[in-house]
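> One file: protein_1.cif (mmCIF, C-alpha atoms).
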```
data_input
loop_
_atom_site.group_PDB
_atom_site.id
_atom_site.type_symbol
_atom_site.label_atom_id
_atom_site.label_comp_id
_atom_site.auth_asym_id
_atom_site.auth_seq_id
_atom_site.Cartn_x
_atom_site.Cartn_y
_atom_site.Cartn_z
ATOM 1 C CA MET A 1 -2.899 -57.839 -38.720
ATOM 2 C CA PRO A 2 -1.618 -55.473 -36.037
ATOM 3 C CA GLU A 3 -3.436 -52.213 -35.516
ATOM 4 C CA PHE A 4 -1.935 -49.329 -37.337
ATOM 5 C CA ASN A 5 -3.034 -46.080 -38.835
ATOM 6 C CA LEU A 6 -1.968 -45.289 -42.350
ATOM 7 C CA LEU A 7 -2.837 -41.702 -41.668
ATOM 8 C CA ASN A 8 -2.167 -39.928 -38.448
ATOM 9 C CA VAL A 9 -2.260 -36.271 -37.369
ATOM 10 C CA ASP A 10 1.346 -36.736 -36.251
ATOM 11 C CA LEU A 11 2.329 -37.510 -39.831
ATOM 12 C CA ILE A 12 0.889 -34.345 -41.339
ATOM 13 C CA GLU A 13 2.569 -30.973 -41.839
ATOM 14 C CA THR A 14 0.422 -28.066 -42.981
ATOM 15 C CA ASP A 15 1.661 -24.708 -44.235
ATOM 16 C CA LEU A 16 5.139 -26.176 -44.276
ATOM 17 C CA GLU A 17 7.823 -23.712 -45.239
ATOM 18 C CA ALA A 18 10.644 -25.359 -47.106
ATOM 19 C CA LYS A 19 13.354 -24.011 -49.373
ATOM 20 C CA ASN A 20 13.724 -27.145 -51.437
ATOM 21 C CA LYS A 21 12.666 -30.754 -51.828
ATOM 22 C CA GLU A 22 15.423 -32.007 -49.536
ATOM 23 C CA GLU A 23 13.991 -29.965 -46.661
ATOM 24 C CA VAL A 24 10.488 -31.341 -47.238
ATOM 25 C CA ILE A 25 11.773 -34.890 -47.465
ATOM 26 C CA GLU A 26 13.741 -34.458 -44.257
ATOM 27 C CA SER A 27 10.748 -33.089 -42.304
ATOM 28 C CA LEU A 28 8.439 -35.890 -43.396
ATOM 29 C CA ALA A 29 10.963 -38.695 -42.993
ATOM 30 C CA LYS A 30 11.675 -37.487 -39.447
ATOM 31 C CA LEU A 31 7.967 -37.749 -38.606
ATOM 32 C CA LEU A 32 7.828 -41.328 -39.901
ATOM 33 C CA ILE A 33 11.012 -42.232 -38.003
ATOM 34 C CA ALA A 34 9.772 -40.612 -34.763
ATOM 35 C CA LYS A 35 6.498 -42.547 -34.904
ATOM 36 C CA GLY A 36 8.208 -45.855 -35.586
ATOM 37 C CA TYR A 37 6.867 -46.376 -39.115
ATOM 38 C CA VAL A 38 10.331 -46.589 -40.669
ATOM 39 C CA LYS A 39 13.928 -47.255 -39.684
ATOM 40 C CA ASP A 40 16.490 -44.466 -39.232
ATOM 41 C CA SER A 41 18.022 -45.531 -42.553
ATOM 42 C CA TYR A 42 14.850 -44.416 -44.380
ATOM 43 C CA LEU A 43 15.840 -40.737 -44.640
ATOM 44 C CA GLY A 44 19.171 -41.402 -46.348
ATOM 45 C CA ALA A 45 17.586 -44.013 -48.604
ATOM 46 C CA ILE A 46 14.801 -41.737 -49.721
ATOM 47 C CA LEU A 47 17.115 -38.773 -50.442
ATOM 48 C CA GLU A 48 19.385 -41.022 -52.486
ATOM 49 C CA ARG A 49 16.497 -42.553 -54.382
ATOM 50 C CA GLU A 50 14.948 -39.201 -55.200
ATOM 51 C CA LYS A 51 18.191 -38.215 -56.952
ATOM 52 C CA ILE A 52 18.218 -41.276 -59.181
ATOM 53 C CA PHE A 53 14.487 -41.925 -59.551
ATOM 54 C CA PRO A 54 12.635 -38.657 -58.982
ATOM 55 C CA THR A 55 9.002 -38.814 -57.886
ATOM 56 C CA GLY A 56 7.465 -35.480 -58.953
ATOM 57 C CA LEU A 57 4.172 -35.943 -60.795
ATOM 58 C CA PRO A 58 2.880 -33.343 -63.252
ATOM 59 C CA THR A 59 -0.684 -33.871 -62.049
ATOM 60 C CA GLU A 60 -3.463 -31.527 -63.112
ATOM 61 C CA GLY A 61 -4.162 -28.552 -60.863
ATOM 62 C CA VAL A 62 -1.583 -29.131 -58.150
ATOM 63 C CA GLY A 63 1.819 -30.788 -58.490
ATOM 64 C CA VAL A 64 2.311 -33.852 -56.309
ATOM 65 C CA ALA A 65 5.399 -35.805 -55.293
ATOM 66 C CA ILE A 66 5.486 -39.300 -53.820
ATOM 67 C CA PRO A 67 8.936 -39.926 -52.369
ATOM 68 C CA HIS A 68 9.419 -43.501 -51.186
ATOM 69 C CA ALA A 69 12.221 -45.952 -50.490
ATOM 70 C CA ASP A 70 12.948 -49.658 -50.597
ATOM 71 C CA LEU A 71 10.715 -51.777 -48.405
ATOM 72 C CA ASN A 72 13.570 -52.971 -46.180
ATOM 73 C CA HIS A 73 13.633 -49.519 -44.541
ATOM 74 C CA VAL A 74 9.937 -49.720 -43.634
ATOM 75 C CA LEU A 75 8.542 -51.174 -40.401
ATOM 76 C CA MET A 76 4.819 -50.561 -40.928
ATOM 77 C CA PRO A 77 2.806 -48.931 -43.671
ATOM 78 C CA GLY A 78 1.955 -45.273 -43.389
ATOM 79 C CA ILE A 79 1.681 -42.067 -45.319
ATOM 80 C CA ALA A 80 3.160 -38.749 -44.273
ATOM 81 C CA LEU A 81 1.739 -35.669 -45.919
ATOM 82 C CA ALA A 82 3.116 -32.171 -46.326
ATOM 83 C CA ILE A 83 1.053 -29.298 -47.628
ATOM 84 C CA LEU A 84 3.600 -26.675 -48.590
ATOM 85 C CA LYS A 85 3.182 -22.986 -48.020
ATOM 86 C CA ASN A 86 5.033 -22.318 -51.252
ATOM 87 C CA PRO A 87 5.712 -24.920 -53.922
ATOM 88 C CA VAL A 88 9.161 -26.467 -54.261
ATOM 89 C CA LYS A 89 10.614 -28.055 -57.362
ATOM 90 C CA PHE A 90 10.817 -31.809 -57.778
ATOM 91 C CA ASN A 91 12.200 -33.540 -60.839
ATOM 92 C CA VAL A 92 9.559 -35.367 -62.826
ATOM 93 C CA MET A 93 9.293 -39.132 -62.560
ATOM 94 C CA GLY A 94 10.740 -40.766 -65.654
ATOM 95 C CA ASN A 95 12.061 -37.462 -66.938
ATOM 96 C CA THR A 96 14.859 -36.085 -64.784
ATOM 97 C CA ALA A 97 15.406 -33.119 -67.107
ATOM 98 C CA GLU A 98 11.961 -31.741 -66.309
ATOM 99 C CA GLU A 99 10.829 -30.116 -63.071
ATOM 100 C CA VAL A 100 7.401 -29.689 -61.553
ATOM 101 C CA ASP A 101 6.232 -27.247 -58.874
ATOM 102 C CA VAL A 102 4.978 -29.410 -56.051
ATOM 103 C CA LYS A 103 2.613 -28.328 -53.299
ATOM 104 C CA LEU A 104 1.531 -31.721 -51.960
ATOM 105 C CA VAL A 105 4.073 -34.277 -50.844
ATOM 106 C CA PHE A 106 2.890 -37.776 -49.930
ATOM 107 C CA MET A 107 5.743 -39.751 -48.448
ATOM 108 C CA LEU A 108 4.951 -43.422 -48.728
ATOM 109 C CA ALA A 109 6.089 -46.068 -46.287
ATOM 110 C CA ILE A 110 5.200 -49.296 -48.025
ATOM 111 C CA ASN A 111 6.406 -52.736 -47.056
ATOM 112 C CA GLU A 112 4.064 -55.175 -48.764
ATOM 113 C CA PRO A 113 3.143 -53.909 -52.223
ATOM 114 C CA LYS A 114 0.938 -56.910 -53.038
ATOM 115 C CA MET A 115 -1.178 -56.191 -49.977
ATOM 116 C CA GLN A 116 -1.079 -52.482 -50.481
ATOM 117 C CA VAL A 117 -2.041 -52.446 -54.158
ATOM 118 C CA ASN A 118 -5.470 -51.096 -53.286
ATOM 119 C CA LEU A 119 -3.945 -48.363 -51.194
ATOM 120 C CA LEU A 120 -1.721 -47.371 -54.099
ATOM 121 C CA LYS A 121 -4.651 -47.478 -56.518
ATOM 122 C CA ASN A 122 -6.723 -45.313 -54.193
ATOM 123 C CA LEU A 123 -3.874 -42.834 -53.956
ATOM 124 C CA VAL A 124 -3.464 -42.679 -57.708
ATOM 125 C CA SER A 125 -7.205 -42.070 -58.176
ATOM 126 C CA MET A 126 -6.839 -39.178 -55.787
ATOM 127 C CA PHE A 127 -3.944 -37.710 -57.777
ATOM 128 C CA GLN A 128 -6.218 -37.679 -60.803
ATOM 129 C CA ASP A 129 -8.864 -35.634 -59.013
ATOM 130 C CA LYS A 130 -7.919 -32.023 -59.693
ATOM 131 C CA LYS A 131 -10.645 -30.539 -57.467
ATOM 132 C CA LEU A 132 -9.657 -32.676 -54.534
ATOM 133 C CA LEU A 133 -5.970 -31.790 -54.906
ATOM 134 C CA LEU A 134 -6.798 -28.085 -55.040
ATOM 135 C CA MET A 135 -8.987 -28.338 -51.977
ATOM 136 C CA LEU A 136 -6.372 -30.323 -50.064
ATOM 137 C CA SER A 137 -3.590 -27.898 -50.969
ATOM 138 C CA ASN A 138 -5.466 -25.121 -49.128
ATOM 139 C CA MET A 139 -6.415 -27.058 -45.999
ATOM 140 C CA THR A 140 -4.857 -26.267 -42.643
ATOM 141 C CA SER A 141 -6.806 -28.355 -40.126
ATOM 142 C CA LYS A 142 -5.144 -31.737 -39.669
ATOM 143 C CA ASP A 143 -8.329 -33.305 -38.343
ATOM 144 C CA ARG A 144 -10.243 -32.174 -41.385
ATOM 145 C CA ILE A 145 -7.508 -33.484 -43.639
ATOM 146 C CA ILE A 146 -7.773 -36.896 -41.977
ATOM 147 C CA SER A 147 -11.580 -36.866 -42.343
ATOM 148 C CA LEU A 148 -11.221 -36.050 -46.008
ATOM 149 C CA LEU A 149 -8.498 -38.566 -46.786
ATOM 150 C CA ALA A 150 -9.296 -41.506 -44.518
ATOM 151 C CA PRO A 151 -12.184 -42.803 -46.669
ATOM 152 C CA LEU A 152 -10.080 -42.316 -49.803
ATOM 153 C CA ILE A 153 -6.810 -43.769 -48.615
ATOM 154 C CA SER A 154 -7.564 -47.236 -47.377
ATOM 155 C CA LEU A 155 -6.282 -50.754 -47.837
ATOM 156 C CA ASN A 156 -9.672 -51.790 -49.207
ATOM 157 C CA PRO A 157 -10.459 -51.900 -52.902
ATOM 158 C CA PRO A 158 -12.069 -48.786 -54.377
ATOM 159 C CA LYS A 159 -15.829 -48.920 -53.870
ATOM 160 C CA SER A 160 -17.675 -49.961 -57.004
ATOM 161 C CA MET B 1 -3.164 -66.472 -78.686
ATOM 162 C CA LYS B 2 0.024 -67.128 -76.819
ATOM 163 C CA THR B 3 0.568 -65.564 -73.431
ATOM 164 C CA LYS B 4 2.213 -62.179 -73.697
ATOM 165 C CA ARG B 5 4.977 -61.356 -71.303
ATOM 166 C CA ILE B 6 4.985 -57.803 -70.004
ATOM 167 C CA ILE B 7 7.601 -56.321 -67.707
ATOM 168 C CA VAL B 8 6.573 -53.344 -65.593
ATOM 169 C CA ALA B 9 9.483 -51.517 -64.009
ATOM 170 C CA CYS B 10 9.899 -48.546 -61.706
ATOM 171 C CA GLY B 11 12.569 -47.207 -59.368
ATOM 172 C CA THR B 12 11.861 -49.415 -56.358
ATOM 173 C CA GLY B 13 9.563 -52.006 -57.918
ATOM 174 C CA ILE B 14 7.043 -51.134 -55.189
ATOM 175 C CA ALA B 15 4.812 -48.164 -55.772
ATOM 176 C CA THR B 16 4.135 -46.990 -59.282
ATOM 177 C CA SER B 17 4.844 -50.341 -60.942
ATOM 178 C CA THR B 18 2.228 -51.940 -58.650
ATOM 179 C CA VAL B 19 -0.456 -49.587 -59.922
ATOM 180 C CA VAL B 20 0.656 -49.766 -63.548
ATOM 181 C CA ALA B 21 0.822 -53.584 -63.485
ATOM 182 C CA ASP B 22 -2.660 -53.754 -61.999
ATOM 183 C CA LYS B 23 -4.132 -51.409 -64.609
ATOM 184 C CA ILE B 24 -2.479 -53.276 -67.487
ATOM 185 C CA SER B 25 -3.736 -56.558 -66.102
ATOM 186 C CA GLU B 26 -7.305 -55.200 -66.052
ATOM 187 C CA ALA B 27 -7.004 -53.840 -69.581
ATOM 188 C CA CYS B 28 -5.674 -57.189 -70.864
ATOM 189 C CA LYS B 29 -8.545 -59.081 -69.231
ATOM 190 C CA LYS B 30 -11.020 -56.739 -70.882
ATOM 191 C CA GLU B 31 -9.390 -57.272 -74.268
ATOM 192 C CA GLY B 32 -9.090 -61.033 -73.831
ATOM 193 C CA ILE B 33 -5.306 -60.943 -73.934
ATOM 194 C CA ASN B 34 -3.478 -63.583 -71.914
ATOM 195 C CA ALA B 35 -0.765 -61.666 -70.157
ATOM 196 C CA SER B 36 1.881 -62.602 -67.694
ATOM 197 C CA ILE B 37 2.970 -59.430 -65.961
ATOM 198 C CA ILE B 38 6.238 -59.208 -64.095
ATOM 199 C CA GLN B 39 6.915 -56.290 -61.800
ATOM 200 C CA CYS B 40 10.491 -55.329 -61.020
ATOM 201 C CA LYS B 41 12.982 -52.614 -60.177
ATOM 202 C CA ILE B 42 14.483 -50.881 -63.166
ATOM 203 C CA THR B 43 17.895 -52.185 -62.084
ATOM 204 C CA GLU B 44 16.580 -55.761 -62.391
ATOM 205 C CA LEU B 45 15.048 -55.214 -65.800
ATOM 206 C CA ARG B 46 17.890 -56.805 -67.757
ATOM 207 C CA SER B 47 17.407 -60.139 -66.027
ATOM 208 C CA TYR B 48 13.680 -60.255 -66.849
ATOM 209 C CA ALA B 49 13.711 -58.734 -70.321
ATOM 210 C CA ASP B 50 14.692 -61.919 -72.155
ATOM 211 C CA GLY B 51 11.711 -63.191 -74.096
ATOM 212 C CA ALA B 52 9.439 -60.355 -73.021
ATOM 213 C CA ASP B 53 6.972 -58.814 -75.480
ATOM 214 C CA LEU B 54 6.741 -55.390 -73.937
ATOM 215 C CA ILE B 55 8.354 -53.150 -71.319
ATOM 216 C CA VAL B 56 6.325 -50.500 -69.502
ATOM 217 C CA THR B 57 8.239 -48.197 -67.206
ATOM 218 C CA THR B 58 7.601 -45.105 -65.099
ATOM 219 C CA THR B 59 11.261 -44.257 -64.918
ATOM 220 C CA ILE B 60 14.079 -43.470 -67.292
ATOM 221 C CA LEU B 61 15.332 -46.356 -69.333
ATOM 222 C CA LYS B 62 18.966 -45.748 -70.187
ATOM 223 C CA ASP B 63 19.751 -49.098 -71.799
ATOM 224 C CA LYS B 64 18.545 -50.066 -75.235
ATOM 225 C CA TYR B 65 16.288 -53.084 -75.611
ATOM 226 C CA ASN B 66 15.030 -54.840 -78.717
ATOM 227 C CA ILE B 67 11.564 -54.859 -77.188
ATOM 228 C CA PRO B 68 8.982 -52.068 -77.454
ATOM 229 C CA VAL B 69 9.027 -49.710 -74.465
ATOM 230 C CA ILE B 70 6.007 -47.667 -73.370
ATOM 231 C CA ASN B 71 6.058 -44.893 -70.766
ATOM 232 C CA GLY B 72 3.613 -45.704 -67.972
ATOM 233 C CA LEU B 73 3.625 -42.350 -66.170
ATOM 234 C CA SER B 74 0.187 -41.504 -67.567
ATOM 235 C CA PHE B 75 -1.272 -44.331 -65.449
ATOM 236 C CA ILE B 76 -0.229 -42.320 -62.397
ATOM 237 C CA THR B 77 -1.093 -38.775 -63.482
ATOM 238 C CA GLY B 78 -4.196 -39.825 -65.446
ATOM 239 C CA ILE B 79 -3.131 -37.545 -68.277
ATOM 240 C CA GLY B 80 -3.034 -39.588 -71.476
ATOM 241 C CA GLU B 81 -3.966 -42.840 -69.725
ATOM 242 C CA GLU B 82 -6.467 -43.988 -72.377
ATOM 243 C CA LYS B 83 -3.882 -43.412 -75.076
ATOM 244 C CA ALA B 84 -1.246 -45.416 -73.220
ATOM 245 C CA ILE B 85 -3.663 -48.323 -72.715
ATOM 246 C CA GLN B 86 -4.457 -48.289 -76.416
ATOM 247 C CA GLU B 87 -0.749 -48.256 -77.305
ATOM 248 C CA ILE B 88 -0.177 -51.245 -75.042
ATOM 249 C CA ILE B 89 -3.132 -53.185 -76.438
ATOM 250 C CA ASN B 90 -2.043 -52.434 -80.017
ATOM 251 C CA GLU B 91 1.465 -53.620 -79.251
ATOM 252 C CA LEU B 92 0.244 -56.843 -77.655
ATOM 253 C CA LYS B 93 -2.154 -57.625 -80.492
ATOM 254 C CA LYS B 94 0.621 -57.384 -83.098
#
```
Can you present the structure in this file as structure tokens?


Amino acid sequence: MPEFNLLNVDLIETDLEAKNKEEVIESLAKLLIAKGYVKDSYLGAILEREKIFPTGLPTEGVGVAIPHADLNHVLMPGIALAILKNPVKFNVMGNTAEEVDVKLVFMLAINEPKMQVNLLKNLVSMFQDKKLLLMLSNMTSKDRIISLLAPLISLNPPKS
Amino acid sequence: MKTKRIIVACGTGIATSTVVADKISEACKKEGINASIIQCKITELRSYADGADLIVTTTILKDKYNIPVINGLSFITGIGEEKAIQEIINELKK
């Protein structure tokens, strides 16, 4: 497997000021495009998908969104993260009529779901950890964010 | 007991359905239910639904199916997850 980093300081935005979800999505997608994780087509694909299949999650403590797009737009797996200065509204997954205030946006670049099932499971465990989400939503140091998340977000199965 | 066929669908068939399918598979193993789980995009659901025992989805299901449908969003948020597992197990044991 080629060397790659799922997480990278260049893929993190802290204290991001955005007026709406489209602005957040655009900032994060541009980071993934610039670093070669995804194709240029990813941004359009993800904006379109968010309209039809929204990805806001009414998680406990802090609202999270996980925008992602079809795997054919992805070149290598990675996760871009935005910690928003002020929450923006995302529509709730599976319930377009409802909105959730989101402060943490994890943009997922996934190309091999079978291989990345552990990564996805690790992410979901994290979304269920209210304390962790609260802590993360107030962090500003990218290096500290990586230190916190790297052991949690990995391609390896959760430690038992 | 015959193998139960479960379809797990989400918007892209990549992210949330992967997690939901995995969690259902674990729950079925625990309960001794033979399950064949198919993961797909919601737009492909029609072509897999024939002969299925259960549909679990994290997205909106506009079409009507003659198969029970359970919302799988709780597997992602953790809120109500136990209840959803129980609903699924009950449905499969019918």

> How would you write, as a PyMOL selection string, the residues chosen by the PyMOL selection byres ((chain B) within 7 of (chain A)) on this structure?

chain B and resi 11-12+14-15+18-19+58-60+76-78

> Within 12 Å of (1.1, -30.1, -55.9), in the coordinates the file gives, what residues turn up when you count all atoms listed in the file, written out as a ChimeraX atom specification?

/A:55-66,81-90,100-106,127-138 /B:77

> Which residue out of B:Leu73, B:Thr43, B:Ile38, B:Met1 has the minimum interatomic distance to Thr16 of chain B when all atoms listed in the file are used?

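Looking at the shortest contact to Thr16 of chain B, the residue is B:Leu73.
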
> As AutoDock Vina command-line options, please report the centre and edge lengths, rounded to one decimal in Å, of the axis-aligned box that holds all listed atoms of segment 24-42 of chain B with 8 Å of padding on each of the six sides.


```
--center_x 1.7 --center_y -57.2 --center_z -67.2 --size_x 41.5 --size_y 28.7 --size_z 30.1
```

> Rounded to one decimal, what separation in Å do you get between atom CA of Gly13 of chain B and atom CA of Ser36 of chain B?

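The value is 16.3 Å.
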
> Measure the distance from atom CA of Leu6 of chain A to atom CA of Asp22 of chain B in Å and round it to one decimal.

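Between atom CA of Leu6 of chain A and atom CA of Asp22 of chain B the gap is 21.4 Å.
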
> Which residues are near Lys35 of chain A? Cut-off 9 Å, all atoms listed in the file, ignore same chain within fewer than 4 positions. Put them as a ChimeraX atom specification.

/A:10-11,30-31

> Can you work out which one of A:Asp40, A:Glu99, A:Glu48, A:Glu26 has the shortest atom-to-atom distance to Asn72 of chain A, counting only C-alpha atoms?

A:Asp40

> Using Å and a single decimal, report how far atom CA of Ile67 of chain B sits from atom CA of Gly51 of chain B.

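Spanning atom CA of Gly51 of chain B to atom CA of Ile67 of chain B is a straight-line distance of 8.9 Å.
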
> Would you pick out the contacts of Asp50 of chain B at 10 Å or less, using all atoms listed in the file, so that residues sharing its chain but fewer than 2 positions from it are not included, and give the list as an mmCIF file with C-alpha atoms, in the frame of the given file?


```cif
data_model
loop_
_atom_site.group_PDB
_atom_site.id
_atom_site.type_symbol
_atom_site.label_atom_id
_atom_site.label_comp_id
_atom_site.auth_asym_id
_atom_site.auth_seq_id
_atom_site.Cartn_x
_atom_site.Cartn_y
_atom_site.Cartn_z
ATOM 1 C CA ARG B 5 4.977 -61.356 -71.303
ATOM 2 C CA LEU B 45 15.048 -55.214 -65.800
ATOM 3 C CA ARG B 46 17.890 -56.805 -67.757
ATOM 4 C CA SER B 47 17.407 -60.139 -66.027
ATOM 5 C CA TYR B 48 13.680 -60.255 -66.849
ATOM 6 C CA ALA B 52 9.439 -60.355 -73.021
ATOM 7 C CA ASP B 53 6.972 -58.814 -75.480
ATOM 8 C CA TYR B 65 16.288 -53.084 -75.611
ATOM 9 C CA ASN B 66 15.030 -54.840 -78.717
ATOM 10 C CA ILE B 67 11.564 -54.859 -77.188
#
```

> Measuring atom to atom with all atoms listed in the file, identify which of B:Ile33, B:Leu92, B:Val20, B:Ile70 is nearest to Ile55 of chain B.

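So, comparing all the options, the nearest one is B:Ile70.
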
> Take the PyMOL selection byres ((chain B and resi 91) around 10), run it mentally on this structure, and tell me the resulting residues as a list in words.

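Checked against the file, the PyMOL selection byres ((chain B and resi 91) around 10) matches Asp53, Leu54, Pro68, Val69, Ile70, Ile85, Gln86, Glu87, Ile88, Ile89, Asn90, Leu92, Lys93 and Lys94 of chain B.
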
> Tell me which protein, DNA and RNA residues are within 10 Å of Ile24 of chain B, counting all atoms listed in the file, leaving out same-chain ones fewer than 3 positions away, and put them as a list in words.

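Once the adjacent positions are removed, what remains is Ile6, Val8, Val19, Val20, Ala21, Ala27, Cys28, Lys29, Lys30, Ala35, Ile37, Val56, Gly72, Phe75, Ala84, Ile85, Ile88 and Ile89 of chain B.
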
> Using all atoms listed in the file, can you tell me which of A:Ile146, A:Met107, A:Val38, A:Ile46 comes closest to Met76 of chain A?

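Result for the nearest residue to Met76 of chain A: A:Val38.
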